[in-house]
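As structure tokens, the structure follows; a few thoughts come after it.
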Amino acid sequence: MLFRVGTNCVAKLLEVQQKSWTMQKMQLNNTISGVKSTTWTPENYLTASRLKEELYAVMILNRPINLDEEFVVELWNSAQIRHTVDGGTDRWMQFVKSQSTKREILNPDIVTGDFDSVNPETLQHMESLNCDIVRTPDQDETDFTKALRQLVPRLMMREVSTVIVLAETSGRIDQIMGNINTLFKAQAFASRIRIFILSSNSLSWLLSPGHHCIDIPPETLRQRLWCALIPVGRKCVLTTKGLKWDMTQQTINFGALVSTSNTYNGAPMVEISSSDQVLWSMGTVRD
């Protein structure tokens with residue numbers, strides 16, 4: 001059976017859609033006036049000397065660890081909670097065995113996963129170290145999502161609100177997109193937790209609707225490294241200040257405009273006002 005949509009019905013749908021976008025733009029204007037603002041200082045998590053001033057947890061996913069060795073050791077040892085996820089436990093053991101500094105490296109506090117990718121001997125070793133081993137067999141979520149669910153209560157107990165996740169953002173695109181999806185899913189059960197994905201060349205996190213101020217590290221400005229605003233799965237209205245290609249109430253979405261391969265105009269701070277959740281990613285080293 002075929003149904004025909006009348007001209008009046010189509011017009012009505014367009015009218016409703018237009019009103020929806022008008023409301024989003026009005027909300028965006030309100031955030032620009034300073035009603036809601038969040039400040040981000042990424043350099044605190046990119047510079048070894050600043051790590052001890054922060055309260056955070058570190059999580060290792062099942063991806064190669066390609067960051068600077070000294071920095072990784074400092075990041076790990078200075079964390080309030082150390083967490084490896086399934087095959088990420090093997091990655092961590094390999095890193096510990098190969099590191100040349102021979103510094104003391106603390107043991108993981110918690111190991112989670114369905115344990116389909118971790119070496120059984122590695123898991124036994126972690127058990128011998130009295131690490132908290134938590135099996136998460138649910139196959140409807142990724143190990144990353146399940147790990148965050150286990151970590152959140154521990155964060156609350158320690159009054160920690162930041163998680164640094166080590167995960168390379170190259171290789172399998174399904175895993176990359178799965179990790180980004182976890183950032184979105186975490187808004188339902190960890191909305192007050194700042195979750196950063198740190199790779200060997202980038203730092204990425206989700207910006208919630210509202211106004212954001214991002215302090216850009218001086219070296220990042222000097223090198224004019226890349227940055228991006230990516231609307232994953234939804235439209236978003238953005239106004240920015242401090243980028244080479246700024247936007248003013250610009251609608252971005254896949255199939256139309258997305259802000260990739262952008263950079264900075266030299267200002268020490270980037271301001272972003274967003275009508276919806278949007279992924280911010282910034283380069284940390286020159287390609």
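Naming scheme: A, B, ... for chains in displayed order of the structure tokens; residues 1 onward per chain; ligands 1 onward as shown.
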
If we count only C-alpha atoms and set the cut-off at 10 Å, which residues sit around stretch 241-246 of chain A, ignoring sequence neighbours fewer than 4 positions away in its own chain? Please answer as a PDB file with C-alpha atoms, in the first residue's frame.
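What landed in selection.pdb:
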```
ATOM      1  CA  CYS A 213      37.257  27.981  26.570  1.00  0.00           C
ATOM      2  CA  ILE A 214      40.287  25.877  25.586  1.00  0.00           C
ATOM      3  CA  ILE A 216      46.043  26.248  23.764  1.00  0.00           C
ATOM      4  CA  ARG A 224      50.268  25.818  14.136  1.00  0.00           C
ATOM      5  CA  CYS A 227      42.546  20.902  15.245  1.00  0.00           C
ATOM      6  CA  ALA A 228      39.045  19.743  14.367  1.00  0.00           C
ATOM      7  CA  GLN A 250      27.513  27.677  11.344  1.00  0.00           C
ATOM      8  CA  SER A 259      35.646  21.463  10.459  1.00  0.00           C
ATOM      9  CA  SER A 261      42.276  20.293   9.165  1.00  0.00           C
ATOM     10  CA  ASN A 262      41.654  23.602  10.915  1.00  0.00           C
ATOM     11  CA  THR A 263      44.310  25.390  12.979  1.00  0.00           C
ATOM     12  CA  TYR A 264      44.737  28.438  15.241  1.00  0.00           C
ATOM     13  CA  ASN A 265      44.923  32.169  14.559  1.00  0.00           C
ATOM     14  CA  GLY A 266      47.569  32.736  17.240  1.00  0.00           C
ATOM     15  CA  ALA A 267      45.282  33.626  20.166  1.00  0.00           C
ATOM     16  CA  PRO A 268      46.135  31.746  23.386  1.00  0.00           C
ATOM     17  CA  MET A 269      42.550  30.574  23.822  1.00  0.00           C
ATOM     18  CA  VAL A 270      39.918  29.062  21.563  1.00  0.00           C
ATOM     19  CA  GLU A 271      36.276  29.751  22.404  1.00  0.00           C
ATOM     20  CA  ILE A 272      33.588  27.397  21.147  1.00  0.00           C
ATOM     21  CA  SER A 273      29.842  27.715  21.595  1.00  0.00           C
TER      22      SER A 273
END
```

Excluding A:Gly87 and any residue of its chain fewer than 3 positions from it, enumerate the residues within 10 Å of it, using only C-alpha atoms, and give them as a list in words. Ile60, Leu61, Asn62, Arg63, Thr84, Asp90, Arg91, Trp92, Val111, Thr112, Gly113, Asp114, Phe115, Asp116, Ser117, Val118, Asn119, Thr122, Leu123 and Asp143 of chain A

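Residues in contact with A:Ile252 at 6 Å, where only C-alpha atoms are counted and same-chain residues fewer than 5 positions away are skipped, are listed as Lys235, Cys236, Leu257 and Val258 of chain A.
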
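Across the model, the gap from atom CA of A:Ser49 to atom CA of A:Ile197 is 19.7 Å.
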
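Take atom CA of A:Leu51 and atom CA of A:Ser161: the distance between them is 14.3 Å.
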
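Atom CA of A:Val85 sits 18.3 Å away from atom CA of A:Gly171.
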
Quick check for you: according to DSSP on this backbone, which residues of stretch 62-286 of chain A are classed as strand (DSSP E or B)? Reply as number ranges by chain. A: 81-85, 110-113, 132-135, 162-166, 194-198, 202-207, 210-215, 227-230, 236-241, 243, 250-252, 259-262, 264, 269-274, 278-283

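Residue nearest A:Val285, chosen from A:Ile176, A:Val58, A:Leu67, A:Val96 and counting only C-alpha atoms: A:Leu67.
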
Write out as a ChimeraX atom specification each polymer residue whose atoms come within 12 Å of A:Glu53, counting only C-alpha atoms; drop sequence neighbours fewer than 6 positions from it. /A:43-45,47,75,78-80

I need the residues from that last selection saved to file as an mmCIF file, in the first residue's frame (with N, CA and C atoms), if you can.
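Contents of again_29.cif, freshly written:
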```cif
data_model
loop_
_atom_site.group_PDB
_atom_site.id
_atom_site.type_symbol
_atom_site.label_atom_id
_atom_site.label_comp_id
_atom_site.auth_asym_id
_atom_site.auth_seq_id
_atom_site.Cartn_x
_atom_site.Cartn_y
_atom_site.Cartn_z
ATOM 1 N N GLU A 43 47.183 21.296 28.297
ATOM 2 C CA GLU A 43 48.618 21.202 28.580
ATOM 3 C C GLU A 43 48.883 20.488 29.905
ATOM 4 N N ASN A 44 47.940 20.552 30.841
ATOM 5 C CA ASN A 44 48.111 19.888 32.133
ATOM 6 C C ASN A 44 48.249 18.382 31.987
ATOM 7 N N TYR A 45 47.734 17.833 30.874
ATOM 8 C CA TYR A 45 47.796 16.385 30.665
ATOM 9 C C TYR A 45 48.770 16.004 29.559
ATOM 10 N N THR A 47 52.035 17.597 29.565
ATOM 11 C CA THR A 47 53.354 17.969 30.066
ATOM 12 C C THR A 47 53.645 17.217 31.347
ATOM 13 N N LEU A 75 52.905 9.712 33.566
ATOM 14 C CA LEU A 75 51.443 9.736 33.499
ATOM 15 C C LEU A 75 50.856 8.606 34.333
ATOM 16 N N SER A 78 51.737 8.927 38.320
ATOM 17 C CA SER A 78 51.133 10.082 38.990
ATOM 18 C C SER A 78 49.619 9.982 39.091
ATOM 19 N N ALA A 79 49.025 8.980 38.442
ATOM 20 C CA ALA A 79 47.568 8.827 38.451
ATOM 21 C C ALA A 79 47.074 8.338 39.807
ATOM 22 N N GLN A 80 45.850 8.726 40.143
ATOM 23 C CA GLN A 80 45.231 8.253 41.379
ATOM 24 C C GLN A 80 44.701 6.826 41.218
#
```

DSSP-assigned alpha helix (DSSP H) members of stretch 116-274 of chain A, reported as a PyMOL selection string: chain A and resi 120-128+143-158+173-185+218-223

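Among the candidates A:Asn77, A:Gln249, A:Thr284, A:Thr101, the one nearest to A:Ser199 when counting only C-alpha atoms is A:Thr284.
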
Just want the 9 Å neighbourhood of A:Met59, counted on only C-alpha atoms, with same-chain residues fewer than 6 positions away dropped. Output as a list in words. Trp76, Ile81, Arg82, His83, Thr84, Val85, Gly88, Ala147, Val163, Ile164, Val165, Leu166 and Ala167 of chain A

Need to verify the contact set: stretch 179-190 of chain A, 9 Å, only C-alpha atoms, exclusion of same-chain residues closer than 3 positions in sequence. Can you return it as a ChimeraX atom specification? /A:141-142,144-145,148-149,152,167,174-176,193-197,205-206,208,232,277,279

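With only C-alpha atoms as the atoms that count, the minimum distance from A:Glu159 to the choices A:Arg192, A:His125, A:Trp226, A:Gln99 is reached by A:Arg192.
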